[in-house]
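Structure record follows, encoded as C-alpha cells.
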Amino acid sequence: MYLAPTGGAEDPGDRDGADAGAGAGAAGVGGCGGVGGDDGDGGWSGGDDAEARPVRGRAERRRTAKRAARRSRRSFLRELPVIVLVALVIALVMKTFLLQVFVIPSGSMEQTLQIGDRVVVDKFTPWFGAEPERGEVVVFKDPGGWLENDHKPSTDGPVLRNVKSLFSAVGLLPSDDERDLIKRVIGVGGDTVECCDEHGRVSVNGTPLDEPYIAAGNSPSRITFKVTVPQGRLWVMGDHRDLSADSRYHMGNPGSGTIPVENVVGRAFVVAWPLSHFGQLDVPDSLSSLPGRAAGSAAVEPVPAEPPLVMGVLGVLPLLVRYRGTRRRDGPVAD
C-alpha cells in the first residue's frame, strides 16, 4: 500500500506556481534600484530609499554629537589639573612682579576710596628703580607699630591651613598675617611737611596745598606738626584725615612718623571694582608741581585703630576656563 507524505500529495501545478513566485521574488531583489519589497501595504520598496536615508543621517548625527560631547567632557576633566597649575603660576608671577588687587577695609581714604573698593596696584615700575612721588596713593608694609597686634590664633586644621598658605602665596587669598596699609604720599625725602598755616592748610617746603581729595567736613589736620622727611623715607596721610592713623600719629616712632621707601609694595593706580567707582587714581596738580626742599620738628596724639589692607582675589582660573570654553565652541583654528 502506498501512503502519501503528511502534507499531502505534491501537485505539479503547485510546483510550477512556487517556481514562478520564486522567480518573481528574485526579479524583485535583482530589479533596478536595489532592494525591493511590498509596493504599498506597509512594506518598503526601492523607491523609498531616498527618503529613508536622510532619516538615518539625522539620527546618526545626533549620536555622533553626543559621543563628541562625552569625549569633550572627559578631555576637560583630564586637562583641568593643567589649567589649575597654569592659573597658579600666572597668579604667582602677577602678584610678585606685575599687578596685585587689594580690598579697602576701612574709611581712612574716603572719599577717594570707599570701604570694599578693589584697587589695582602697580608692582612693575619699582623694579626699574621708580620711587613714589608726592600725591600718589601707595600700598606699603607696616613699618612697625601702625597696626593692631591682636591676630586671633587660627582654628583651621593642618590640611586647610596648608591649602590656605599655598593660595595666599600666589595671591588668591589674603594672608592671615597681612600687614599692608594704603595712604597718599605728601612728602618725600628732604621735604619739610608742616601744619597748619594761617588758613589751616598743610604745606610742603613752605607751599600750602590745595587738597580737594580730603573727605567732606574734615580739616587738613587737627594735629599741628612740622617734620623734615629723611632721605629714603616718605610722609603719608589718609584722605579721611579725622579717621586715618597716618604719619601724624606715629611721630614718636623711629623716623618721626615717616615710612621707608623699601616698604612700599606699589602704587594704586585704578579703582577696578565696583564699576560704579571705576576710575583712575590721578596725582593732584598741587602736589605734582611742588618745588624743592626745607627743615623742621614734631608733636604726637593717640593712635586710632585701623585694619590692614586685605589682599584680593586675582580671578585667573575663571578667565582661563572661559577662554577654553570659547575655543571649544569656535572649533579649532587652521594654520
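Order determines the names: the first chain of the C-alpha cells is A, the second B, and so forth; residues in each chain are numbered 1 upward, and ligands are numbered 1 upward as they are shown.
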
Pull the strand (DSSP E or B) assignments for segment 175-225 of chain A out of DSSP run on the backbone, and list those residues as a PyMOL selection string. chain A and resi 180-187+192-195+202-204+207-208+225

Take the residues from that selection and write them out as a PDB file, in the first residue's frame, keeping C-alpha atoms.
ATOM      1  CA  ASP A 180      49.594  96.266  54.367  1.00  0.00           C
ATOM      2  CA  LEU A 181      48.200  99.805  54.510  1.00  0.00           C
ATOM      3  CA  ILE A 182      47.223 102.394  51.901  1.00  0.00           C
ATOM      4  CA  LYS A 183      47.848 106.150  52.118  1.00  0.00           C
ATOM      5  CA  ARG A 184      48.680 109.187  49.977  1.00  0.00           C
ATOM      6  CA  VAL A 185      52.287 110.399  49.745  1.00  0.00           C
ATOM      7  CA  ILE A 186      52.515 114.016  50.942  1.00  0.00           C
ATOM      8  CA  GLY A 187      56.273 114.394  51.411  1.00  0.00           C
ATOM      9  CA  THR A 192      59.537 119.712  55.169  1.00  0.00           C
ATOM     10  CA  VAL A 193      55.863 118.975  55.829  1.00  0.00           C
ATOM     11  CA  GLU A 194      54.039 121.328  58.199  1.00  0.00           C
ATOM     12  CA  CYS A 195      50.571 122.083  59.528  1.00  0.00           C
ATOM     13  CA  VAL A 202      49.176 121.631  55.208  1.00  0.00           C
ATOM     14  CA  SER A 203      52.270 122.997  53.480  1.00  0.00           C
ATOM     15  CA  VAL A 204      55.244 121.274  51.864  1.00  0.00           C
ATOM     16  CA  THR A 207      53.964 125.931  49.789  1.00  0.00           C
ATOM     17  CA  PRO A 208      50.381 125.456  51.068  1.00  0.00           C
ATOM     18  CA  PHE A 225      53.289 119.249  63.278  1.00  0.00           C
TER      19      PHE A 225
END

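All residues of segment 129-278 of chain A that DSSP, run on the backbone, classes as helix (DSSP H, G or I) are Pro158, Val159, Leu160, Arg161, Asn162, Val163, Lys164, Ser165, Leu166, Phe167, Ser168, Ala169, Ser247, Arg248, Tyr249, His250, Val261, Glu262, Asn263, Leu275, Ser276 and His277 of chain A.
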
Please write the residues from the selection above to a file, keeping N, CA, C and O atoms, as a compact mmCIF listing (two decimals), in the first residue's frame.
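Contents of the output file result-v9.txt:
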# COMPACT_ATOMS: atom_id res chain seq x y z
N PRO A 158 45.41 71.18 59.91
CA PRO A 158 46.67 71.26 59.18
C PRO A 158 46.50 71.25 57.67
O PRO A 158 47.20 71.97 56.96
N VAL A 159 45.55 70.47 57.14
CA VAL A 159 45.35 70.39 55.68
C VAL A 159 44.83 71.73 55.16
O VAL A 159 45.37 72.30 54.20
N LEU A 160 43.77 72.25 55.78
CA LEU A 160 43.18 73.51 55.34
C LEU A 160 44.18 74.65 55.50
O LEU A 160 44.26 75.55 54.65
N ARG A 161 44.96 74.61 56.58
CA ARG A 161 45.95 75.66 56.79
C ARG A 161 47.00 75.67 55.69
O ARG A 161 47.40 76.73 55.19
N ASN A 162 47.43 74.47 55.26
CA ASN A 162 48.43 74.38 54.19
C ASN A 162 47.86 74.85 52.86
O ASN A 162 48.55 75.51 52.07
N VAL A 163 46.59 74.50 52.60
CA VAL A 163 45.95 74.93 51.35
C VAL A 163 45.84 76.46 51.33
O VAL A 163 46.13 77.12 50.33
N LYS A 164 45.43 77.04 52.46
CA LYS A 164 45.31 78.50 52.53
C LYS A 164 46.66 79.17 52.36
O LYS A 164 46.78 80.22 51.72
N SER A 165 47.71 78.56 52.91
CA SER A 165 49.06 79.12 52.77
C SER A 165 49.49 79.14 51.31
O SER A 165 50.09 80.11 50.83
N LEU A 166 49.17 78.04 50.58
CA LEU A 166 49.51 77.97 49.17
C LEU A 166 48.79 79.06 48.38
O LEU A 166 49.40 79.79 47.59
N PHE A 167 47.47 79.20 48.60
CA PHE A 167 46.71 80.19 47.86
C PHE A 167 47.10 81.61 48.27
O PHE A 167 47.04 82.52 47.44
N SER A 168 47.51 81.80 49.51
CA SER A 168 47.97 83.13 49.93
C SER A 168 49.27 83.48 49.24
O SER A 168 49.50 84.63 48.86
N ALA A 169 50.14 82.48 49.06
CA ALA A 169 51.44 82.71 48.44
C ALA A 169 51.31 83.19 47.00
O ALA A 169 52.13 83.98 46.53
N SER A 247 50.95 109.13 59.27
CA SER A 247 52.26 109.56 59.80
C SER A 247 52.14 110.48 61.00
O SER A 247 52.99 110.45 61.90
N ARG A 248 51.07 111.27 61.07
CA ARG A 248 50.90 112.21 62.18
C ARG A 248 50.84 111.50 63.53
O ARG A 248 51.27 112.04 64.55
N TYR A 249 50.25 110.27 63.53
CA TYR A 249 50.03 109.55 64.79
C TYR A 249 51.21 108.69 65.21
O TYR A 249 51.15 108.01 66.22
N HIS A 250 52.27 108.71 64.42
CA HIS A 250 53.42 107.84 64.72
C HIS A 250 54.73 108.63 64.75
O HIS A 250 55.80 108.07 64.49
N VAL A 261 61.03 103.83 52.05
CA VAL A 261 60.63 103.63 50.66
C VAL A 261 60.59 102.14 50.32
O VAL A 261 59.73 101.69 49.56
N GLU A 262 61.53 101.35 50.89
CA GLU A 262 61.57 99.92 50.56
C GLU A 262 60.35 99.16 51.07
O GLU A 262 60.10 98.02 50.66
N ASN A 263 59.55 99.76 51.97
CA ASN A 263 58.33 99.11 52.44
C ASN A 263 57.16 99.27 51.46
O ASN A 263 56.13 98.64 51.64
N LEU A 275 32.03 98.74 39.64
CA LEU A 275 32.08 99.52 38.42
C LEU A 275 31.58 100.96 38.64
O LEU A 275 32.01 101.87 37.93
N SER A 276 30.71 101.14 39.62
CA SER A 276 30.21 102.49 39.90
C SER A 276 31.32 103.40 40.43
O SER A 276 31.21 104.63 40.36
N HIS A 277 32.41 102.81 40.97
CA HIS A 277 33.54 103.60 41.47
C HIS A 277 34.74 103.53 40.53
O HIS A 277 35.81 104.05 40.86

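Of the listed residues (A:Val119, A:Met237, A:Ile259, A:Val229), A:Val119 comes nearest to Val271 of chain A; the distances count only C-alpha atoms.
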
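For the pair atom CA of Phe124 of chain A and atom CA of Pro105 of chain A, the separation is 24.0 Å.
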